[in-house]
Structure formats: C-alpha cells, structure tokens
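Colleague: File name structure19.cif; file contents mmCIF, C-alpha atoms (C1' of nucleotides); full text below.
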data_run
#
loop_
_atom_site.group_PDB
_atom_site.id
_atom_site.type_symbol
_atom_site.label_atom_id
_atom_site.label_comp_id
_atom_site.auth_asym_id
_atom_site.auth_seq_id
_atom_site.Cartn_x
_atom_site.Cartn_y
_atom_site.Cartn_z
ATOM 1 C CA MET A 22 54.560 24.322 -4.217
ATOM 2 C CA LYS A 23 51.568 24.412 -1.947
ATOM 3 C CA ASN A 24 48.027 23.879 -3.182
ATOM 4 C CA ARG A 25 44.461 24.274 -1.991
ATOM 5 C CA LEU A 26 43.068 21.215 -3.729
ATOM 6 C CA LYS A 27 41.837 19.514 -0.605
ATOM 7 C CA VAL A 28 39.939 22.615 0.479
ATOM 8 C CA LEU A 29 38.419 23.207 -2.938
ATOM 9 C CA ARG A 30 37.420 19.581 -3.071
ATOM 10 C CA ALA A 31 35.805 19.840 0.360
ATOM 11 C CA GLU A 32 33.919 22.963 -0.702
ATOM 12 C CA HIS A 33 32.401 20.960 -3.517
ATOM 13 C CA ASP A 34 31.962 17.864 -1.373
ATOM 14 C CA TRP A 35 33.871 15.706 -3.785
ATOM 15 C CA THR A 36 35.958 12.665 -2.967
ATOM 16 C CA GLN A 37 39.422 12.248 -4.426
ATOM 17 C CA ALA A 38 37.885 9.688 -6.772
ATOM 18 C CA ASP A 39 35.201 12.169 -7.855
ATOM 19 C CA LEU A 40 37.770 14.790 -8.647
ATOM 20 C CA ALA A 41 40.022 12.321 -10.419
ATOM 21 C CA GLU A 42 37.168 11.284 -12.656
ATOM 22 C CA LYS A 43 36.245 14.868 -13.526
ATOM 23 C CA LEU A 44 39.872 15.595 -14.362
ATOM 24 C CA GLU A 45 40.386 12.320 -16.172
ATOM 25 C CA VAL A 46 43.369 11.326 -14.072
ATOM 26 C CA SER A 47 43.854 8.524 -11.587
ATOM 27 C CA ARG A 48 42.811 8.832 -7.952
ATOM 28 C CA GLN A 49 46.457 8.305 -6.972
ATOM 29 C CA THR A 50 47.436 11.364 -8.938
ATOM 30 C CA ILE A 51 44.997 13.488 -6.943
ATOM 31 C CA ASN A 52 46.181 11.975 -3.704
ATOM 32 C CA ALA A 53 49.828 12.537 -4.559
ATOM 33 C CA ILE A 54 49.235 16.168 -5.512
ATOM 34 C CA GLU A 55 47.207 16.837 -2.362
ATOM 35 C CA LYS A 56 49.859 15.222 -0.218
ATOM 36 C CA GLY A 57 52.526 17.333 -1.906
ATOM 37 C CA LYS A 58 54.310 14.321 -3.315
ATOM 38 C CA TYR A 59 54.678 16.117 -6.623
ATOM 39 C CA ASP A 60 53.219 18.990 -8.621
ATOM 40 C CA PRO A 61 50.810 18.496 -11.500
ATOM 41 C CA SER A 62 51.909 19.121 -15.055
ATOM 42 C CA LEU A 63 50.988 22.538 -16.443
ATOM 43 C CA PRO A 64 48.163 21.132 -18.578
ATOM 44 C CA LEU A 65 46.689 19.372 -15.559
ATOM 45 C CA ALA A 66 47.013 22.543 -13.493
ATOM 46 C CA PHE A 67 45.015 24.347 -16.184
ATOM 47 C CA LYS A 68 42.384 21.635 -16.159
ATOM 48 C CA ILE A 69 42.075 21.882 -12.392
ATOM 49 C CA ALA A 70 41.781 25.662 -12.500
ATOM 50 C CA ARG A 71 39.159 25.478 -15.213
ATOM 51 C CA LEU A 72 37.131 22.927 -13.290
ATOM 52 C CA PHE A 73 37.043 25.127 -10.200
ATOM 53 C CA ALA A 74 36.657 28.242 -12.327
ATOM 54 C CA VAL A 75 39.532 30.079 -10.718
ATOM 55 C CA ASN A 76 43.006 30.968 -11.882
ATOM 56 C CA ILE A 77 46.017 28.774 -11.323
ATOM 57 C CA GLU A 78 47.632 31.188 -8.895
ATOM 58 C CA SER A 79 44.673 30.979 -6.540
ATOM 59 C CA ILE A 80 45.071 27.206 -6.253
ATOM 60 C CA PHE A 81 48.825 26.765 -6.395
ATOM 61 C CA SER A 82 51.407 28.917 -4.702
ATOM 62 C CA ASP A 83 55.100 28.929 -5.128
ATOM 63 C CA GLU A 84 55.984 28.740 -1.440
ATOM 64 C CA ALA A 85 57.501 25.825 0.375
ATOM 65 C CA MET B 26 49.332 24.439 -24.956
ATOM 66 C CA LYS B 27 50.265 27.645 -26.691
ATOM 67 C CA ASN B 28 52.508 30.255 -25.124
ATOM 68 C CA ARG B 29 53.595 33.845 -25.645
ATOM 69 C CA LEU B 30 57.177 33.389 -24.491
ATOM 70 C CA LYS B 31 58.762 34.501 -27.727
ATOM 71 C CA VAL B 32 56.743 37.704 -27.754
ATOM 72 C CA LEU B 33 57.422 38.510 -24.116
ATOM 73 C CA ARG B 34 61.070 37.842 -24.698
ATOM 74 C CA ALA B 35 61.065 40.165 -27.692
ATOM 75 C CA GLU B 36 59.335 42.895 -25.674
ATOM 76 C CA HIS B 37 62.201 42.732 -23.224
ATOM 77 C CA ASP B 38 64.787 42.328 -25.964
ATOM 78 C CA TRP B 39 66.179 39.195 -24.414
ATOM 79 C CA THR B 40 67.783 36.273 -26.236
ATOM 80 C CA GLN B 41 66.805 32.719 -25.414
ATOM 81 C CA ALA B 42 70.099 32.471 -23.562
ATOM 82 C CA ASP B 43 69.311 35.612 -21.550
ATOM 83 C CA LEU B 44 65.944 34.250 -20.531
ATOM 84 C CA ALA B 45 67.362 30.819 -19.740
ATOM 85 C CA GLU B 46 69.904 32.399 -17.429
ATOM 86 C CA LYS B 47 67.309 34.480 -15.618
ATOM 87 C CA LEU B 48 65.146 31.402 -15.147
ATOM 88 C CA GLU B 49 68.069 29.154 -14.263
ATOM 89 C CA VAL B 50 67.280 26.620 -16.943
ATOM 90 C CA SER B 51 69.141 25.627 -20.082
ATOM 91 C CA ARG B 52 68.786 27.527 -23.327
ATOM 92 C CA GLN B 53 67.485 24.338 -24.934
ATOM 93 C CA THR B 54 64.644 24.265 -22.452
ATOM 94 C CA ILE B 55 63.557 27.750 -23.510
ATOM 95 C CA ASN B 56 63.874 26.833 -27.151
ATOM 96 C CA ALA B 57 61.856 23.641 -26.693
ATOM 97 C CA ILE B 58 59.079 25.462 -24.845
ATOM 98 C CA GLU B 59 58.933 28.243 -27.436
ATOM 99 C CA LYS B 60 58.849 25.724 -30.256
ATOM 100 C CA GLY B 61 56.048 23.859 -28.503
ATOM 101 C CA LYS B 62 58.105 20.712 -28.100
ATOM 102 C CA TYR B 63 56.853 20.392 -24.534
ATOM 103 C CA ASP B 64 55.263 22.433 -21.761
ATOM 104 C CA PRO B 65 57.208 23.686 -18.767
ATOM 105 C CA SER B 66 56.670 22.143 -15.358
ATOM 106 C CA LEU B 67 54.293 24.057 -13.112
ATOM 107 C CA PRO B 68 57.134 25.455 -10.968
ATOM 108 C CA LEU B 69 58.915 26.719 -14.071
ATOM 109 C CA ALA B 70 55.672 28.239 -15.357
ATOM 110 C CA PHE B 71 55.391 30.117 -12.055
ATOM 111 C CA LYS B 72 58.959 31.298 -12.342
ATOM 112 C CA ILE B 73 58.338 32.557 -15.866
ATOM 113 C CA ALA B 74 55.163 34.360 -14.835
ATOM 114 C CA ARG B 75 56.926 35.941 -11.875
ATOM 115 C CA LEU B 76 59.802 37.110 -14.039
ATOM 116 C CA PHE B 77 57.461 38.833 -16.482
ATOM 117 C CA ALA B 78 55.199 39.980 -13.649
ATOM 118 C CA VAL B 79 52.054 38.588 -15.182
ATOM 119 C CA ASN B 80 49.863 35.637 -14.356
ATOM 120 C CA ILE B 81 50.337 32.209 -15.828
ATOM 121 C CA GLU B 82 47.133 32.337 -17.830
ATOM 122 C CA SER B 83 48.303 35.420 -19.713
ATOM 123 C CA ILE B 84 51.388 33.563 -20.945
ATOM 124 C CA PHE B 85 50.098 30.056 -21.458
ATOM 125 C CA SER B 86 46.783 29.032 -22.943
ATOM 126 C CA ASP B 87 45.177 25.685 -23.030
ATOM 127 C CA GLU B 88 44.386 25.651 -26.739
ATOM 128 C CA ALA B 89 45.927 23.489 -29.382
ATOM 129 C "C1'" DA C 2 32.293 -4.368 17.124
ATOM 130 C "C1'" DC C 3 31.472 -4.531 12.095
ATOM 131 C "C1'" DC C 4 31.075 -2.858 7.511
ATOM 132 C "C1'" DT C 5 32.060 0.075 4.077
ATOM 133 C "C1'" DA C 6 33.680 4.358 1.712
ATOM 134 C "C1'" DA C 7 37.467 7.197 1.571
ATOM 135 C "C1'" DA C 8 42.086 8.097 1.942
ATOM 136 C "C1'" DG C 9 46.915 6.687 2.153
ATOM 137 C "C1'" DT C 10 50.733 4.177 0.304
ATOM 138 C "C1'" DA C 11 53.951 1.388 -2.614
ATOM 139 C "C1'" DA C 12 56.146 -0.842 -6.722
ATOM 140 C "C1'" DA C 13 56.750 -1.256 -11.571
ATOM 141 C "C1'" DA C 14 56.253 0.702 -15.877
ATOM 142 C "C1'" DC C 15 55.927 4.433 -19.185
ATOM 143 C "C1'" DA C 16 55.907 9.295 -20.858
ATOM 144 C "C1'" DC C 17 57.419 13.834 -20.264
ATOM 145 C "C1'" DA C 18 60.602 17.767 -18.456
ATOM 146 C "C1'" DC C 19 65.169 19.083 -18.307
ATOM 147 C "C1'" DT C 20 70.385 18.717 -18.703
ATOM 148 C "C1'" DT C 21 74.808 18.504 -21.198
ATOM 149 C "C1'" DT C 22 77.336 18.207 -25.299
ATOM 150 C "C1'" DA C 23 77.648 19.048 -29.783
ATOM 151 C "C1'" DC C 24 76.679 20.384 -34.282
ATOM 152 C "C1'" DA C 25 73.712 22.870 -38.150
ATOM 153 C "C1'" DT C 26 71.104 26.776 -39.725
ATOM 154 C "C1'" DT C 27 69.659 31.584 -39.879
ATOM 155 C "C1'" DA C 28 70.206 36.368 -39.912
ATOM 156 C "C1'" DA C 29 72.363 40.522 -39.713
ATOM 157 C "C1'" DG C 30 76.375 43.720 -39.308
ATOM 158 C "C1'" DA C 31 80.927 45.048 -41.013
ATOM 159 C "C1'" DT D 3 81.038 37.734 -48.518
ATOM 160 C "C1'" DC D 4 82.736 36.780 -43.961
ATOM 161 C "C1'" DT D 5 81.980 36.534 -39.180
ATOM 162 C "C1'" DT D 6 79.591 35.988 -35.376
ATOM 163 C "C1'" DA D 7 75.389 35.896 -32.356
ATOM 164 C "C1'" DA D 8 71.213 33.726 -32.127
ATOM 165 C "C1'" DT D 9 68.369 30.030 -32.971
ATOM 166 C "C1'" DG D 10 67.310 25.273 -34.141
ATOM 167 C "C1'" DT D 11 68.037 20.469 -33.448
ATOM 168 C "C1'" DA D 12 69.564 15.818 -31.835
ATOM 169 C "C1'" DA D 13 71.183 12.034 -28.689
ATOM 170 C "C1'" DA D 14 71.884 10.231 -24.235
ATOM 171 C "C1'" DG D 15 71.099 10.540 -19.564
ATOM 172 C "C1'" DT D 16 68.481 11.828 -15.198
ATOM 173 C "C1'" DG D 17 64.524 12.934 -12.680
ATOM 174 C "C1'" DT D 18 59.579 13.847 -12.363
ATOM 175 C "C1'" DG D 19 54.526 13.053 -13.495
ATOM 176 C "C1'" DT D 20 51.130 9.626 -14.187
ATOM 177 C "C1'" DT D 21 49.147 4.954 -14.596
ATOM 178 C "C1'" DT D 22 47.786 0.351 -12.986
ATOM 179 C "C1'" DT D 23 47.422 -2.960 -9.504
ATOM 180 C "C1'" DA D 24 47.059 -3.910 -5.055
ATOM 181 C "C1'" DC D 25 47.170 -3.600 -0.297
ATOM 182 C "C1'" DT D 26 46.657 -0.896 4.397
ATOM 183 C "C1'" DT D 27 44.695 2.559 7.316
ATOM 184 C "C1'" DT D 28 41.174 5.828 8.788
ATOM 185 C "C1'" DA D 29 36.653 7.301 9.892
ATOM 186 C "C1'" DG D 30 31.632 7.076 10.169
ATOM 187 C "C1'" DG D 31 27.328 4.752 10.393
ATOM 188 C "C1'" DT D 32 24.624 1.103 12.212
#
Please re-express this file's structure in structure tokens.

Modeller:
Amino acid sequence: MKNRLKVLRAEHDWTQADLAEKLEVSRQTINAIEKGKYDPSLPLAFKIARLFAVNIESIFSDEA
Amino acid sequence: MKNRLKVLRAEHDWTQADLAEKLEVSRQTINAIEKGKYDPSLPLAFKIARLFAVNIESIFSDEA
DNA sequence: ACCTAAAGTAAAACACACTTTACATTAAGA
DNA sequence: TCTTAATGTAAAGTGTGTTTTACTTTAGGT
C-alpha cells in the first residue's frame, strides 16, 4: 500500500512529531507508515482521514 | 468500529465461507469481523471495499 | 564549522490480525 | 424429527502494528 502522508503533512507544514501528537500515536509510527514499513490499522487510517478531512482512498492506495 | 459486512453479504446472498473465499481469508476471519471481535487490516478493508465496489467509509464507520 | 530540529533506524515488548483445527449451536428443508 | 449447511466459538500459533527507549543521520540557520 502506498500513501500520501508525507505530502499531506507537508501541505499542513507539520512535522512527524506534530502529526503523531494530533493522531495520538508515537512519532515512530508515523515514520514507519511514511516509509512504507507497515500499514496503519483501520482505526488509525480512519483517524488520519478524518484529521485531513478526506476519505481513506485518497490517502492510501492499494498499489505496490 | 462498526461495519455493514453482514448486510452487504446478505444483499449478494453469500455465506461467510463464500465471502472468505472471494477475499482469500479464512471463514473465521469474516465471522470475527462481522461479530466485531476485531477490525480488518487496512489492506483487507481495501479488498472488501473493492469486492463490493464501494468505498471503505460506506462499509466501516468509526463509531462504537 | 556548530548547533539544533527533524527525520531515520533499531531492539524489545505487547496487543491485535489472521490461520488452522476442531467442536458446538442455529436454522431451515425434507 | 432428522440432516445438513451455516454460523458461532475456542485454543494455539504466526505475523503485523504500535510503543518506549535510545541512538544516528540529515538539513538549515547562524
């Protein structure tokens, strides 16, 4: 799964730590997701989408 | 997280086993998700949404 | 060149997602 | 009522998601 987290974060001028705090997860979790180390859980994906006010499919995509 | 899997499955007249096969997961996984025992991974949520040709948010909702 | 914020990374620990096997319960048709 | 398909459930095992702690690397400002 690919994701646009880094771009969305840049658009808002947030650091990984900023985003982590808003999402109530650790900074390492954000880093790992951005680096494609693993995918977020579904609840976290929802939280991310809600924060950026977009739908999940516009952040995450099923491709390699 | 709530989900409409059971309803969607009923609309298509599929058993849990049918759906499991189409999604390439075990029947127990479908049962557990329907019963709210746990949420699917994000990749599985995508697969489910793709199968039913709807977006993730119309199947899963963030409520209690 | 130095300092600092931000990002990257890694290991250990814990919780959750998913599998297989196996058995119990429910529901509905004959 | 008997059978059988469908659903529910449980235990043990594996892999993934997330945390904490801690250290390294990168990049920008001065």

Colleague: Work out how far apart CA of Lys60 (chain B) and C1' of DA12 (chain D) are and give it in Å to one decimal.

Modeller: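 Computing it gives 14.7 Å between the two atoms.
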
Colleague: Hey, could you make a per-residue contact list for chain A against chain D with 9 Å as the cut-off, showing the nearest pair of atoms and its distance in Å to one decimal, counting only C-alpha atoms (C1' of nucleotides), sorted by chain and number, as a Markdown table?

Modeller:
| residue | atom | partner | partner_atom | distance |
| --- | --- | --- | --- | --- |
| A:Val46 | CA | D:DT20 | C1' | 7.9 |
| A:Ser47 | CA | D:DT21 | C1' | 7.1 |
| A:Gln49 | CA | D:DT20 | C1' | 8.7 |
| A:Thr50 | CA | D:DT20 | C1' | 6.6 |
| A:Tyr59 | CA | D:DG19 | C1' | 7.5 |
| A:Asp60 | CA | D:DG19 | C1' | 7.8 |
| A:Pro61 | CA | D:DG19 | C1' | 6.9 |
| A:Ser62 | CA | D:DG19 | C1' | 6.8 |

Colleague: Could you work out how far CA of His33 (chain A) lies from CA of Ser83 (chain B), giving the answer in Å with one decimal?

Modeller: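 Rounded to one decimal, the two atoms are 26.9 Å apart.
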
Colleague: Can you check which residues of chain A have any atom within 9 Å of chain C? Use only C-alpha atoms (C1' of nucleotides) and format it as a ChimeraX atom specification.

Modeller: /A:36-38,52

Colleague: Give the residues of chain A that lie within 8 Å of chain B; count all atoms listed in the file, and format the answer as an MDAnalysis selection string.

Modeller: chainID A and resid 22 60:64 66:67 76:78 83

Colleague: What does the distance between CA of Glu42 (chain A) and CA of Glu88 (chain B) come to in Å, to one decimal place?

Modeller: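 Taking CA of Glu42 (chain A) as the start and CA of Glu88 (chain B) as the end point, the length is 21.4 Å.
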
Colleague: Using all atoms of region 66-79 of chain B listed in the file and a margin of 3 Å per side, can you give the axis-aligned box centre and edge lengths in Å to one decimal, as lines of an AutoDock Vina configuration file?

Modeller:
center_x = 55.9
center_y = 31.1
center_z = -13.7
size_x = 13.7
size_y = 23.8
size_z = 11.5

Colleague: Written as a list in words, which residues does the PyMOL selection byres ((chain B and resi 31) around 12) give for the file shown?

Modeller: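 Applied to this file, the PyMOL selection byres ((chain B and resi 31) around 12) returns Lys27, Asn28, Arg29, Leu30, Val32, Leu33, Arg34, Ala35, Glu36, His37, Asp38, Trp39, Thr40, Gln41, Leu44, Ile55, Asn56, Ala57, Ile58, Glu59, Lys60, Gly61, Ile84 and Phe85 of chain B; DT9 of chain D.
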
Colleague: Take the residues just selected and output them with C-alpha atoms (C1' of nucleotides) as an mmCIF file, in the coordinates of the input.

Modeller:
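Below is the file that was written, out16.cif:
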data_model
loop_
_atom_site.group_PDB
_atom_site.id
_atom_site.type_symbol
_atom_site.label_atom_id
_atom_site.label_comp_id
_atom_site.auth_asym_id
_atom_site.auth_seq_id
_atom_site.Cartn_x
_atom_site.Cartn_y
_atom_site.Cartn_z
ATOM 1 C CA LYS B 27 50.265 27.645 -26.691
ATOM 2 C CA ASN B 28 52.508 30.255 -25.124
ATOM 3 C CA ARG B 29 53.595 33.845 -25.645
ATOM 4 C CA LEU B 30 57.177 33.389 -24.491
ATOM 5 C CA VAL B 32 56.743 37.704 -27.754
ATOM 6 C CA LEU B 33 57.422 38.510 -24.116
ATOM 7 C CA ARG B 34 61.070 37.842 -24.698
ATOM 8 C CA ALA B 35 61.065 40.165 -27.692
ATOM 9 C CA GLU B 36 59.335 42.895 -25.674
ATOM 10 C CA HIS B 37 62.201 42.732 -23.224
ATOM 11 C CA ASP B 38 64.787 42.328 -25.964
ATOM 12 C CA TRP B 39 66.179 39.195 -24.414
ATOM 13 C CA THR B 40 67.783 36.273 -26.236
ATOM 14 C CA GLN B 41 66.805 32.719 -25.414
ATOM 15 C CA LEU B 44 65.944 34.250 -20.531
ATOM 16 C CA ILE B 55 63.557 27.750 -23.510
ATOM 17 C CA ASN B 56 63.874 26.833 -27.151
ATOM 18 C CA ALA B 57 61.856 23.641 -26.693
ATOM 19 C CA ILE B 58 59.079 25.462 -24.845
ATOM 20 C CA GLU B 59 58.933 28.243 -27.436
ATOM 21 C CA LYS B 60 58.849 25.724 -30.256
ATOM 22 C CA GLY B 61 56.048 23.859 -28.503
ATOM 23 C CA ILE B 84 51.388 33.563 -20.945
ATOM 24 C CA PHE B 85 50.098 30.056 -21.458
ATOM 25 C "C1'" DT D 9 68.369 30.030 -32.971
#
